[in-house]
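Next comes query-v2.txt, a file with compact mmCIF, C-alpha atoms and all ligand atoms.
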```
# COMPACT_ATOMS: atom_id res chain seq x y z
CA LYS O 28 0.00 0.00 0.00
CA ARG O 29 1.31 3.43 -0.92
CA VAL O 30 0.97 6.44 1.37
CA ILE O 31 1.65 9.46 -0.80
CA LEU O 32 2.30 12.81 0.87
CA SER O 33 3.43 16.20 -0.32
CA GLY O 34 3.38 19.80 0.82
CA ILE O 35 3.66 23.35 -0.42
CA GLN O 36 4.32 26.62 1.39
CA PRO O 37 1.53 29.21 1.39
CA THR O 38 3.79 32.01 0.21
CA GLY O 39 1.66 33.53 -2.51
CA ILE O 40 0.16 32.11 -5.67
CA PRO O 41 2.19 29.12 -6.92
CA HIS O 42 4.30 29.58 -10.05
CA LEU O 43 4.85 27.39 -13.06
CA GLY O 44 7.80 25.63 -11.38
CA ASN O 45 5.58 24.57 -8.48
CA TYR O 46 2.89 23.50 -10.90
CA LEU O 47 4.96 21.53 -13.41
CA GLY O 48 7.48 20.31 -10.82
CA ALA O 49 4.97 19.22 -8.22
CA LEU O 50 1.30 20.20 -8.22
CA SER O 51 0.31 18.80 -11.61
CA ASN O 52 1.93 15.59 -10.48
CA TRP O 53 -0.22 15.53 -7.35
CA VAL O 54 -3.31 15.67 -9.51
CA ASN O 55 -2.04 12.94 -11.85
CA LEU O 56 -1.21 10.74 -8.90
CA GLN O 57 -4.63 11.26 -7.45
CA ASN O 58 -6.34 10.47 -10.73
CA THR O 59 -4.30 7.33 -11.37
CA SER O 60 -4.16 6.09 -7.77
CA LYS O 61 -5.47 2.71 -6.71
CA PRO O 62 -8.31 2.51 -4.17
CA GLU O 63 -5.94 1.22 -1.49
CA ASP O 64 -3.49 4.15 -1.89
CA GLU O 65 -3.68 6.91 0.67
CA LEU O 66 -2.97 10.49 -0.41
CA LEU O 67 -2.24 13.47 1.79
CA PHE O 68 -1.59 17.01 0.59
CA THR O 69 -0.72 19.75 3.01
CA VAL O 70 -0.30 23.52 3.03
CA VAL O 71 2.74 24.08 5.25
CA GLY O 72 2.13 27.30 7.18
CA TRP O 73 4.83 26.63 9.78
CA HIS O 74 7.48 26.33 7.09
CA ALA O 75 6.40 29.70 5.68
CA LEU O 76 7.19 31.31 9.05
CA THR O 77 10.89 30.57 8.67
CA LEU O 78 11.07 33.72 6.56
CA PRO O 79 9.44 36.99 7.66
CA GLN O 80 5.76 37.10 6.65
CA LYS O 81 3.14 39.78 6.99
CA PRO O 82 0.38 38.13 9.08
CA LYS O 83 -2.47 39.44 6.91
CA GLU O 84 -0.80 38.29 3.70
CA LEU O 85 0.04 34.91 5.15
CA ALA O 86 -3.57 34.40 6.23
CA THR O 87 -4.74 35.22 2.70
CA SER O 88 -2.08 33.07 1.02
CA ARG O 89 -2.97 30.16 3.25
CA MET O 90 -6.61 30.16 2.13
CA ASP O 91 -5.65 30.97 -1.46
CA MET O 92 -3.39 27.94 -1.56
CA LEU O 93 -6.23 25.69 -0.50
CA ALA O 94 -8.41 27.27 -3.20
CA ILE O 95 -5.67 26.77 -5.81
CA LEU O 96 -5.25 23.11 -4.92
CA LEU O 97 -8.98 22.56 -5.33
CA ALA O 98 -8.94 24.62 -8.55
CA ILE O 99 -6.28 22.44 -10.19
CA GLY O 100 -8.22 19.29 -9.39
CA ILE O 101 -7.25 18.02 -5.93
CA ASP O 102 -10.36 16.25 -4.70
CA PRO O 103 -10.92 16.17 -0.91
CA LYS O 104 -13.01 13.02 -1.33
CA ARG O 105 -9.96 11.16 -2.60
CA CYS O 106 -7.21 12.81 -0.53
CA ILE O 107 -6.64 14.24 2.90
CA LEU O 108 -6.19 17.94 2.12
CA PHE O 109 -5.22 19.96 5.18
CA HIS O 110 -3.26 22.76 6.79
CA GLN O 111 -0.07 21.54 8.46
CA ASP O 112 -0.59 24.04 11.28
CA HIS O 113 -3.92 22.39 12.10
CA ASN O 114 -2.10 19.29 13.28
CA PRO O 115 0.25 19.94 16.23
CA LEU O 116 1.41 16.32 16.14
CA HIS O 117 3.84 17.33 13.37
CA THR O 118 5.70 19.52 15.84
CA GLU O 119 5.68 16.83 18.51
CA LEU O 120 7.36 14.40 16.14
CA ALA O 121 9.68 17.14 14.85
CA TRP O 122 10.96 17.63 18.38
CA ILE O 123 11.64 13.93 18.86
CA LEU O 124 13.37 13.73 15.48
CA SER O 125 15.44 16.83 16.21
CA CYS O 126 16.90 14.97 19.17
CA LEU O 127 18.18 12.36 16.68
CA THR O 128 19.56 14.88 14.17
CA PRO O 129 23.26 15.73 14.15
CA ILE O 130 23.81 19.50 13.87
CA GLY O 131 26.47 18.85 11.21
CA LYS O 132 23.92 17.27 8.93
CA LEU O 133 21.69 20.33 9.00
CA LYS O 134 24.67 22.57 8.38
CA ARG O 135 25.30 20.70 5.14
CA MET O 136 21.80 21.34 3.77
CA THR O 137 22.14 23.40 0.60
CA THR O 138 19.07 25.49 1.44
CA TRP O 139 20.69 26.48 4.75
CA LYS O 140 24.03 27.14 3.08
CA SER O 141 22.47 29.37 0.47
CA ARG O 142 20.62 31.33 3.17
CA LEU O 143 23.91 31.81 4.95
CA ALA O 144 25.57 32.92 1.77
CA THR O 145 22.89 35.49 0.97
CA SER O 146 22.53 36.76 4.52
CA LYS O 147 24.23 40.05 5.06
CA ASN O 148 26.32 38.47 7.75
CA MET O 149 28.60 37.01 5.16
CA ARG O 150 31.03 39.82 4.53
CA ASP O 151 34.34 38.55 3.24
CA GLY O 152 33.35 35.00 2.37
CA SER O 153 35.63 33.40 4.95
CA GLU O 154 34.05 34.01 8.35
CA VAL O 155 30.42 32.93 8.19
CA ASP O 156 28.33 34.27 11.02
CA GLU O 157 25.07 32.43 11.50
CA THR O 158 23.90 34.24 14.61
CA GLY O 159 21.54 36.49 12.67
CA LEU O 160 19.54 33.64 11.17
CA ASN O 161 16.65 32.00 12.98
CA VAL O 162 16.61 28.47 14.36
CA GLY O 163 13.45 27.60 12.40
CA LEU O 164 15.31 28.07 9.15
CA PHE O 165 17.99 25.71 10.42
CA THR O 166 15.64 22.95 11.61
CA TYR O 167 13.24 23.39 8.68
CA PRO O 168 14.21 19.99 7.17
CA VAL O 169 13.46 18.19 10.45
CA LEU O 170 9.92 19.57 10.47
CA GLN O 171 9.60 18.46 6.85
CA ALA O 172 10.71 14.96 7.86
CA ALA O 173 8.05 14.99 10.58
CA ASP O 174 5.38 16.07 8.06
CA ILE O 175 6.21 12.96 6.09
CA LEU O 176 6.89 10.43 8.82
CA VAL O 177 3.95 11.29 11.07
CA TYR O 178 1.75 9.66 8.40
CA ARG O 179 4.29 6.92 7.67
CA ALA O 180 4.33 8.12 4.07
CA THR O 181 6.07 5.90 1.53
CA HIS O 182 6.11 8.21 -1.52
CA VAL O 183 6.78 11.94 -1.73
CA PRO O 184 6.23 13.73 -5.05
CA VAL O 185 8.41 16.86 -5.03
CA GLY O 186 10.69 18.77 -7.38
CA GLU O 187 14.40 18.16 -7.62
CA ASP O 188 15.22 21.00 -5.23
CA GLN O 189 13.80 18.89 -2.37
CA SER O 190 16.06 15.83 -2.86
CA GLN O 191 18.36 16.62 0.03
CA HIS O 192 15.42 17.13 2.37
CA LEU O 193 14.01 13.78 1.32
CA GLU O 194 17.33 12.13 1.98
CA LEU O 195 17.33 13.55 5.49
CA SER O 196 13.81 12.21 6.02
CA ARG O 197 15.01 8.75 5.05
CA ASP O 198 18.06 9.04 7.33
CA LEU O 199 15.89 10.10 10.27
CA ALA O 200 13.38 7.32 9.63
CA ASP O 201 16.23 4.82 9.58
CA GLN O 202 17.86 6.35 12.66
CA PHE O 203 14.59 6.15 14.59
CA ASN O 204 13.99 2.56 13.45
CA ARG O 205 17.44 1.49 14.65
CA THR O 206 17.38 3.45 17.90
CA PHE O 207 13.87 2.49 18.99
CA LYS O 208 13.28 -1.05 17.83
CA GLY O 209 9.91 -2.72 18.11
CA PRO O 210 8.06 -5.75 16.78
CA ASN O 211 8.13 -4.17 13.32
CA ARG O 212 9.81 -1.26 11.60
CA MET O 213 8.35 2.02 12.84
CA PHE O 214 8.82 4.11 9.70
CA PRO O 215 9.02 3.12 6.04
CA LEU O 216 11.83 4.95 4.22
CA PRO O 217 10.04 7.53 2.06
CA THR O 218 11.04 7.65 -1.60
CA GLN O 219 11.00 10.73 -3.77
CA PHE O 220 9.53 10.72 -7.19
CA ASN O 221 9.34 13.61 -9.58
CA THR O 222 7.95 14.49 -12.96
CA SER O 223 10.08 14.78 -16.08
CA SER O 224 10.09 18.56 -15.63
CA LYS O 225 11.90 18.44 -12.32
CA ARG O 226 13.37 21.89 -12.47
CA ILE O 227 11.86 24.91 -14.17
CA LEU O 228 14.27 27.83 -14.46
CA SER O 229 13.74 31.53 -13.90
CA LEU O 230 12.66 33.26 -17.14
CA ARG O 231 15.15 36.06 -16.50
CA ASP O 232 18.19 34.19 -15.20
CA SER O 233 18.84 30.65 -16.38
CA ALA O 234 21.34 30.08 -13.58
CA SER O 235 18.59 29.93 -10.98
CA LYS O 236 15.33 28.04 -10.58
CA MET O 237 11.98 29.74 -10.95
CA SER O 238 11.15 30.84 -7.41
CA LYS O 239 8.66 32.80 -5.37
CA SER O 240 11.42 34.75 -3.69
CA SER O 241 13.02 36.33 -6.75
CA PRO O 242 12.46 40.11 -6.64
CA ASP O 243 11.71 40.22 -10.38
CA PRO O 244 8.05 39.24 -11.02
CA SER O 245 8.73 38.73 -14.73
CA SER O 246 11.02 35.81 -13.83
CA ARG O 247 8.04 33.61 -13.01
CA ILE O 248 4.59 32.83 -14.36
CA LEU O 249 1.91 32.54 -11.70
CA LEU O 250 -0.99 30.13 -12.03
CA THR O 251 -3.35 33.11 -11.98
CA ASP O 252 -1.55 35.20 -14.63
CA SER O 253 -3.80 36.60 -17.37
CA PRO O 254 -3.21 35.67 -21.03
CA ASN O 255 -1.54 39.08 -21.52
CA GLU O 256 0.77 38.65 -18.56
CA ILE O 257 1.77 35.20 -19.82
CA ALA O 258 2.48 36.62 -23.29
CA SER O 259 4.63 39.46 -22.03
CA LYS O 260 6.66 37.31 -19.62
CA ILE O 261 7.38 34.71 -22.30
CA ARG O 262 8.24 37.46 -24.81
CA THR O 263 10.93 38.81 -22.47
CA ALA O 264 12.23 35.37 -21.38
CA VAL O 265 16.00 35.08 -21.89
CA THR O 266 17.15 32.68 -24.61
CA ASP O 267 20.27 32.92 -26.79
CA SER O 268 21.32 34.20 -30.20
CA ILE O 269 22.04 30.81 -31.78
CA ALA O 270 19.96 30.21 -34.93
CA GLY O 271 17.47 27.34 -34.88
CA ILE O 272 16.10 25.47 -31.88
CA THR O 273 17.88 22.59 -30.19
CA TYR O 274 17.46 21.06 -26.75
CA ASP O 275 20.77 21.70 -25.02
CA PRO O 276 20.30 22.43 -21.29
CA ILE O 277 24.01 23.04 -20.70
CA ASN O 278 24.80 25.49 -23.48
CA ARG O 279 21.31 26.84 -24.18
CA PRO O 280 19.54 26.76 -20.78
CA GLY O 281 16.99 29.47 -21.59
CA THR O 282 15.90 27.78 -24.80
CA ALA O 283 15.87 24.38 -23.10
CA ASN O 284 13.71 25.80 -20.32
CA LEU O 285 11.10 26.99 -22.83
CA LEU O 286 11.13 23.56 -24.48
CA THR O 287 10.74 21.88 -21.09
CA ILE O 288 7.76 24.12 -20.31
CA LEU O 289 6.19 23.49 -23.70
CA ALA O 290 6.66 19.73 -23.47
CA ALA O 291 5.29 19.57 -19.93
CA SER O 292 2.26 21.67 -20.75
CA LYS O 293 1.45 19.35 -23.65
CA GLY O 294 2.28 16.21 -21.67
CA GLU O 295 5.02 15.25 -24.13
CA ASP O 296 8.63 14.18 -23.82
CA VAL O 297 10.90 17.15 -24.50
CA HIS O 298 12.93 15.17 -27.05
CA GLU O 299 9.73 14.68 -29.04
CA THR O 300 8.72 18.32 -28.74
CA VAL O 301 12.03 19.68 -30.02
CA LYS O 302 11.74 17.70 -33.26
CA GLY O 303 9.05 20.07 -34.53
CA TYR O 304 11.35 23.10 -34.11
CA GLU O 305 14.56 22.15 -35.90
CA SER O 306 14.05 24.71 -38.64
CA LYS O 307 12.11 27.28 -36.60
CA ASN O 308 13.25 30.29 -34.59
CA HIS O 309 12.79 31.58 -31.06
CA GLY O 310 9.82 33.70 -32.13
CA ALA O 311 7.88 30.62 -33.19
CA LEU O 312 8.85 28.72 -30.04
CA LYS O 313 7.79 31.58 -27.78
CA ARG O 314 4.49 31.93 -29.60
CA ASP O 315 3.71 28.26 -29.05
CA VAL O 316 4.81 28.31 -25.41
CA THR O 317 2.57 31.31 -24.82
CA GLU O 318 -0.43 29.64 -26.40
CA ALA O 319 0.14 26.35 -24.58
CA LEU O 320 0.36 28.14 -21.22
CA GLN O 321 -2.66 30.32 -21.86
CA GLU O 322 -4.58 27.18 -22.66
CA MET O 323 -3.26 25.15 -19.72
CA LEU O 324 -3.84 27.84 -17.10
CA ARG O 325 -7.24 29.10 -18.21
CA GLY O 326 -9.23 26.42 -16.35
CA PRO O 327 -7.32 26.70 -13.05
CA ARG O 328 -7.48 30.51 -13.13
CA GLU O 329 -11.25 30.58 -13.63
CA GLU O 330 -11.84 27.86 -11.08
CA PHE O 331 -9.65 29.66 -8.54
CA GLU O 332 -11.73 32.82 -8.89
CA ARG O 333 -14.87 30.77 -8.27
CA MET O 334 -13.36 28.94 -5.27
CA LYS O 335 -12.24 32.15 -3.60
CA SER O 336 -15.84 33.24 -3.26
CA GLU O 337 -16.70 30.01 -1.44
CA GLN O 338 -15.02 30.71 1.90
CA GLY O 339 -17.51 28.52 3.76
CA TYR O 340 -16.69 25.56 1.56
CA LEU O 341 -12.95 26.15 1.95
CA GLN O 342 -13.29 26.16 5.72
CA GLN O 343 -15.30 22.99 5.64
CA VAL O 344 -12.64 21.27 3.50
CA ALA O 345 -9.92 22.41 5.91
CA GLN O 346 -11.88 21.21 8.93
CA GLU O 347 -12.53 17.77 7.48
CA GLY O 348 -8.91 17.47 6.38
CA LYS O 349 -7.74 18.38 9.85
CA GLU O 350 -9.86 15.72 11.53
CA LYS O 351 -8.63 12.97 9.24
CA ALA O 352 -5.00 14.09 9.44
CA VAL O 353 -4.98 14.28 13.24
CA GLU O 354 -6.59 10.86 13.56
CA LYS O 355 -4.03 9.22 11.30
CA ALA O 356 -1.08 11.01 12.90
CA GLU O 357 -2.30 10.11 16.40
CA GLN O 358 -1.98 6.41 15.53
CA THR O 359 1.68 6.96 14.66
CA MET O 360 2.38 9.11 17.70
CA ARG O 361 0.90 6.61 20.18
CA GLU O 362 3.45 4.08 18.96
CA VAL O 363 6.28 6.64 18.80
CA ARG O 364 5.67 7.76 22.39
CA ARG O 365 5.62 4.16 23.56
CA ARG O 366 8.90 3.38 21.82
CA VAL O 367 10.81 6.38 23.14
CA GLY O 368 9.47 5.89 26.69
CA LEU O 369 7.01 8.79 26.87
CA ALA O 370 3.74 6.87 26.75
P1 LIG O 401 7.89 24.77 -1.94
O1 LIG O 401 6.67 25.35 -1.35
O2 LIG O 401 9.10 25.63 -2.07
O3 LIG O 401 7.59 24.17 -3.36
C1 LIG O 401 6.48 23.30 -3.59
C2 LIG O 401 6.87 22.27 -4.64
O4 LIG O 401 7.27 22.90 -5.86
C3 LIG O 401 8.52 22.37 -6.29
N1 LIG O 401 9.27 23.45 -6.98
C4 LIG O 401 9.80 23.33 -8.22
N2 LIG O 401 9.82 22.32 -9.09
C5 LIG O 401 10.41 22.54 -10.29
N3 LIG O 401 10.99 23.70 -10.66
C6 LIG O 401 11.00 24.76 -9.80
N4 LIG O 401 11.55 25.92 -10.18
C7 LIG O 401 10.38 24.60 -8.51
N5 LIG O 401 10.22 25.41 -7.43
C8 LIG O 401 9.53 24.69 -6.51
C9 LIG O 401 9.21 21.92 -5.02
O5 LIG O 401 10.16 20.91 -5.28
C10 LIG O 401 8.04 21.39 -4.21
O6 LIG O 401 7.77 20.05 -4.56
N6 LIG O 401 10.01 22.15 1.74
C11 LIG O 401 8.92 22.14 0.78
C12 LIG O 401 7.55 22.04 1.41
C13 LIG O 401 7.33 20.88 2.31
C14 LIG O 401 7.14 19.52 1.93
C15 LIG O 401 6.91 18.80 3.12
C16 LIG O 401 7.17 18.86 0.69
C17 LIG O 401 7.20 20.93 3.66
N7 LIG O 401 6.95 19.69 4.13
C18 LIG O 401 6.69 17.42 3.12
C19 LIG O 401 6.93 17.47 0.72
C20 LIG O 401 6.71 16.77 1.89
C21 LIG O 401 8.96 23.44 0.02
O7 LIG O 401 9.49 24.43 0.47
O8 LIG O 401 8.28 23.44 -1.14
```

As structure tokens - that is how I would like this structure written.
Amino acid sequence: KRVILSGIQPTGIPHLGNYLGALSNWVNLQNTSKPEDELLFTVVGWHALTLPQKPKELATSRMDMLAILLAIGIDPKRCILFHQDHNPLHTELAWILSCLTPIGKLKRMTTWKSRLATSKNMRDGSEVDETGLNVGLFTYPVLQAADILVYRATHVPVGEDQSQHLELSRDLADQFNRTFKGPNRMFPLPTQFNTSSKRILSLRDSASKMSKSSPDPSSRILLTDSPNEIASKIRTAVTDSIAGITYDPINRPGTANLLTILAASKGEDVHETVKGYESKNHGALKRDVTEALQEMLRGPREEFERMKSEQGYLQQVAQEGKEKAVEKAEQTMREVRRRVGLA
């Protein structure tokens, strides 16, 4: 039996990277799942707090994210859809897991290292001062492991940028299993699986991934962007000045990114997609990417607008999700407490 779990931070409307790298995969998994599979999808409010948030905006984003997930096709009858912060058992397990986590391991997390590097504390590149950064940012991956393990999840659909976090979740599951033995293995080791479009790049800077935190809004396409916004962002997307279109992620990352987006939005393999463009130019490619995105995002955008006006329904979904999530997590925690000696 598979227990599939994934999460997303409620930090604004998701972008195309979130959608193609993760969310569209959630919907596919749901629609192709077997009756015995269990699916859980969570909006991770506590993780969002690791960076400064304006309370009003966070509250809006948190409800918007639920509305978006419903708008793209997540069905609360087939999944447990819930707010992480509605289930305090995640933090209880996170504490226990943090007591099994070597500090050195967290220091090697690339997300932590990049925060350190961009923090203003890093002056000359040699002496790194971490005192200005918050502890939540540091232990973020432990909470993520708890999100997964508290439901004994076996499969975690996430983008490539989450691989190291998944590896830590497996290490902690294994560490717990070996430290606190019982009649059977406490936690399955969760495996990551991603879509073919694991990593969508920024439209303005091919050296970085498309992200919510980039200061330049034209670097990302949001799921709620209008057809005009999509057109203008794709028009200004960086490519290269090489004639013709080839798929070459190393030497032509901007062009490859557009091909990846086009292929994913049509549900094709990128090597198939590129065949139609051998004798075409960037103008033709951009036109087709624009059209494909306008088409793909129309339904979700309209549905999102509709959902937003149904606050009562959203609250009901969240409430039902919470009850199911807590019940399932409580089963795990009863056993965890017994094994560590806190029953
Ligand atoms: P978050 O909210 O940053 O991103 C949500 C999902 O989107 C994927 N993603 C991308 N995929 C491809 N290209 C991109 N440019 C891109 N940007 C983001 C991410 O891989 C992710 O799957 N730590 C997680 C949230 C989390 C979680 C969990 C995930 C908390 N607990 C438990 C799974 C299981 C995060 O910050 O995702």

(request) Write out as a ChimeraX atom specification each polymer residue whose atoms come within 12 Å of Lys355 (chain O), counting only C-alpha atoms; drop sequence neighbours fewer than 2 positions from it. (result) /O:30,65-67,107,114,116-117,176-180,348-353,357-362

(request) Could the residues that lie within 8 Å of ligand LIG 401 (chain O), counting only C-alpha atoms and all ligand atoms, be listed as a ChimeraX atom specification? (result) /O:32-38,41-50,69-71,74,167-168,170-175,183-189,192-193,224-229,236-239

With C-alpha atoms retained, could you export that selection as a PDB file, keeping the file's coordinate frame?
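Once written, again20.pdb looks like this:
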```pdb
ATOM      1  CA  LEU O  32       2.300  12.810   0.870  1.00  0.00           C
ATOM      2  CA  SER O  33       3.430  16.200  -0.320  1.00  0.00           C
ATOM      3  CA  GLY O  34       3.380  19.800   0.820  1.00  0.00           C
ATOM      4  CA  ILE O  35       3.660  23.350  -0.420  1.00  0.00           C
ATOM      5  CA  GLN O  36       4.320  26.620   1.390  1.00  0.00           C
ATOM      6  CA  PRO O  37       1.530  29.210   1.390  1.00  0.00           C
ATOM      7  CA  THR O  38       3.790  32.010   0.210  1.00  0.00           C
ATOM      8  CA  PRO O  41       2.190  29.120  -6.920  1.00  0.00           C
ATOM      9  CA  HIS O  42       4.300  29.580 -10.050  1.00  0.00           C
ATOM     10  CA  LEU O  43       4.850  27.390 -13.060  1.00  0.00           C
ATOM     11  CA  GLY O  44       7.800  25.630 -11.380  1.00  0.00           C
ATOM     12  CA  ASN O  45       5.580  24.570  -8.480  1.00  0.00           C
ATOM     13  CA  TYR O  46       2.890  23.500 -10.900  1.00  0.00           C
ATOM     14  CA  LEU O  47       4.960  21.530 -13.410  1.00  0.00           C
ATOM     15  CA  GLY O  48       7.480  20.310 -10.820  1.00  0.00           C
ATOM     16  CA  ALA O  49       4.970  19.220  -8.220  1.00  0.00           C
ATOM     17  CA  LEU O  50       1.300  20.200  -8.220  1.00  0.00           C
ATOM     18  CA  THR O  69      -0.720  19.750   3.010  1.00  0.00           C
ATOM     19  CA  VAL O  70      -0.300  23.520   3.030  1.00  0.00           C
ATOM     20  CA  VAL O  71       2.740  24.080   5.250  1.00  0.00           C
ATOM     21  CA  HIS O  74       7.480  26.330   7.090  1.00  0.00           C
ATOM     22  CA  TYR O 167      13.240  23.390   8.680  1.00  0.00           C
ATOM     23  CA  PRO O 168      14.210  19.990   7.170  1.00  0.00           C
ATOM     24  CA  LEU O 170       9.920  19.570  10.470  1.00  0.00           C
ATOM     25  CA  GLN O 171       9.600  18.460   6.850  1.00  0.00           C
ATOM     26  CA  ALA O 172      10.710  14.960   7.860  1.00  0.00           C
ATOM     27  CA  ALA O 173       8.050  14.990  10.580  1.00  0.00           C
ATOM     28  CA  ASP O 174       5.380  16.070   8.060  1.00  0.00           C
ATOM     29  CA  ILE O 175       6.210  12.960   6.090  1.00  0.00           C
ATOM     30  CA  VAL O 183       6.780  11.940  -1.730  1.00  0.00           C
ATOM     31  CA  PRO O 184       6.230  13.730  -5.050  1.00  0.00           C
ATOM     32  CA  VAL O 185       8.410  16.860  -5.030  1.00  0.00           C
ATOM     33  CA  GLY O 186      10.690  18.770  -7.380  1.00  0.00           C
ATOM     34  CA  GLU O 187      14.400  18.160  -7.620  1.00  0.00           C
ATOM     35  CA  ASP O 188      15.220  21.000  -5.230  1.00  0.00           C
ATOM     36  CA  GLN O 189      13.800  18.890  -2.370  1.00  0.00           C
ATOM     37  CA  HIS O 192      15.420  17.130   2.370  1.00  0.00           C
ATOM     38  CA  LEU O 193      14.010  13.780   1.320  1.00  0.00           C
ATOM     39  CA  SER O 224      10.090  18.560 -15.630  1.00  0.00           C
ATOM     40  CA  LYS O 225      11.900  18.440 -12.320  1.00  0.00           C
ATOM     41  CA  ARG O 226      13.370  21.890 -12.470  1.00  0.00           C
ATOM     42  CA  ILE O 227      11.860  24.910 -14.170  1.00  0.00           C
ATOM     43  CA  LEU O 228      14.270  27.830 -14.460  1.00  0.00           C
ATOM     44  CA  SER O 229      13.740  31.530 -13.900  1.00  0.00           C
ATOM     45  CA  LYS O 236      15.330  28.040 -10.580  1.00  0.00           C
ATOM     46  CA  MET O 237      11.980  29.740 -10.950  1.00  0.00           C
ATOM     47  CA  SER O 238      11.150  30.840  -7.410  1.00  0.00           C
ATOM     48  CA  LYS O 239       8.660  32.800  -5.370  1.00  0.00           C
TER      49      LYS O 239
END
```

(message) Would you pick out the contacts of region 277-288 of chain O at 10 Å or less, using only C-alpha atoms, so that residues sharing its chain but fewer than 3 positions from it are not included, and give the list as a VMD selection string?
(response) chain O and resid 43 to 44 47 223 to 234 261 264 to 269 272 to 274 291 to 298 300 to 301 304 309 312 to 313 315 to 317 319 to 320

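In this model, the gap between CA of Leu199 (chain O) and CA of Asn161 (chain O) comes to 22.1 Å.
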
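Note that CA of Asp112 (chain O) and CA of Val344 (chain O) are 14.6 Å apart.
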
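You will find CA of Gly163 (chain O) at 12.5 Å from CA of Thr138 (chain O).
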
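Shortest separation to Leu85 (chain O) among O:Pro129, O:Gly39, O:Pro62, O:Gly303 occurs at residue O:Gly39, atoms counted being only C-alpha atoms.
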
Reconstructed N, CA and C atoms for region 343-354 of chain O, given as a PDB file, keeping the file's coordinate frame:
```pdb
ATOM      1  N   GLN O 343     -14.794  24.344   5.404  1.00  0.00           N
ATOM      2  CA  GLN O 343     -15.300  22.990   5.640  1.00  0.00           C
ATOM      3  C   GLN O 343     -14.274  21.941   5.176  1.00  0.00           C
ATOM      4  N   VAL O 344     -13.675  22.180   4.001  1.00  0.00           N
ATOM      5  CA  VAL O 344     -12.640  21.270   3.500  1.00  0.00           C
ATOM      6  C   VAL O 344     -11.485  21.189   4.494  1.00  0.00           C
ATOM      7  N   ALA O 345     -11.054  22.374   4.980  1.00  0.00           N
ATOM      8  CA  ALA O 345      -9.920  22.410   5.910  1.00  0.00           C
ATOM      9  C   ALA O 345     -10.253  21.668   7.205  1.00  0.00           C
ATOM     10  N   GLN O 346     -11.461  21.853   7.691  1.00  0.00           N
ATOM     11  CA  GLN O 346     -11.880  21.210   8.930  1.00  0.00           C
ATOM     12  C   GLN O 346     -11.901  19.683   8.793  1.00  0.00           C
ATOM     13  N   GLU O 347     -12.468  19.220   7.681  1.00  0.00           N
ATOM     14  CA  GLU O 347     -12.530  17.770   7.480  1.00  0.00           C
ATOM     15  C   GLU O 347     -11.137  17.180   7.295  1.00  0.00           C
ATOM     16  N   GLY O 348     -10.286  17.920   6.584  1.00  0.00           N
ATOM     17  CA  GLY O 348      -8.910  17.470   6.380  1.00  0.00           C
ATOM     18  C   GLY O 348      -8.187  17.362   7.709  1.00  0.00           C
ATOM     19  N   LYS O 349      -8.385  18.358   8.544  1.00  0.00           N
ATOM     20  CA  LYS O 349      -7.740  18.380   9.850  1.00  0.00           C
ATOM     21  C   LYS O 349      -8.128  17.141  10.670  1.00  0.00           C
ATOM     22  N   GLU O 350      -9.413  16.844  10.709  1.00  0.00           N
ATOM     23  CA  GLU O 350      -9.860  15.720  11.530  1.00  0.00           C
ATOM     24  C   GLU O 350      -9.225  14.407  11.070  1.00  0.00           C
ATOM     25  N   LYS O 351      -9.211  14.217   9.761  1.00  0.00           N
ATOM     26  CA  LYS O 351      -8.630  12.970   9.240  1.00  0.00           C
ATOM     27  C   LYS O 351      -7.126  12.915   9.480  1.00  0.00           C
ATOM     28  N   ALA O 352      -6.458  14.055   9.278  1.00  0.00           N
ATOM     29  CA  ALA O 352      -5.000  14.090   9.440  1.00  0.00           C
ATOM     30  C   ALA O 352      -4.613  13.812  10.886  1.00  0.00           C
ATOM     31  N   VAL O 353      -5.304  14.458  11.823  1.00  0.00           N
ATOM     32  CA  VAL O 353      -4.980  14.280  13.240  1.00  0.00           C
ATOM     33  C   VAL O 353      -5.199  12.817  13.647  1.00  0.00           C
ATOM     34  N   GLU O 354      -6.293  12.241  13.177  1.00  0.00           N
ATOM     35  CA  GLU O 354      -6.590  10.860  13.560  1.00  0.00           C
ATOM     36  C   GLU O 354      -5.493   9.901  13.082  1.00  0.00           C
TER      37      GLU O 354
END
```
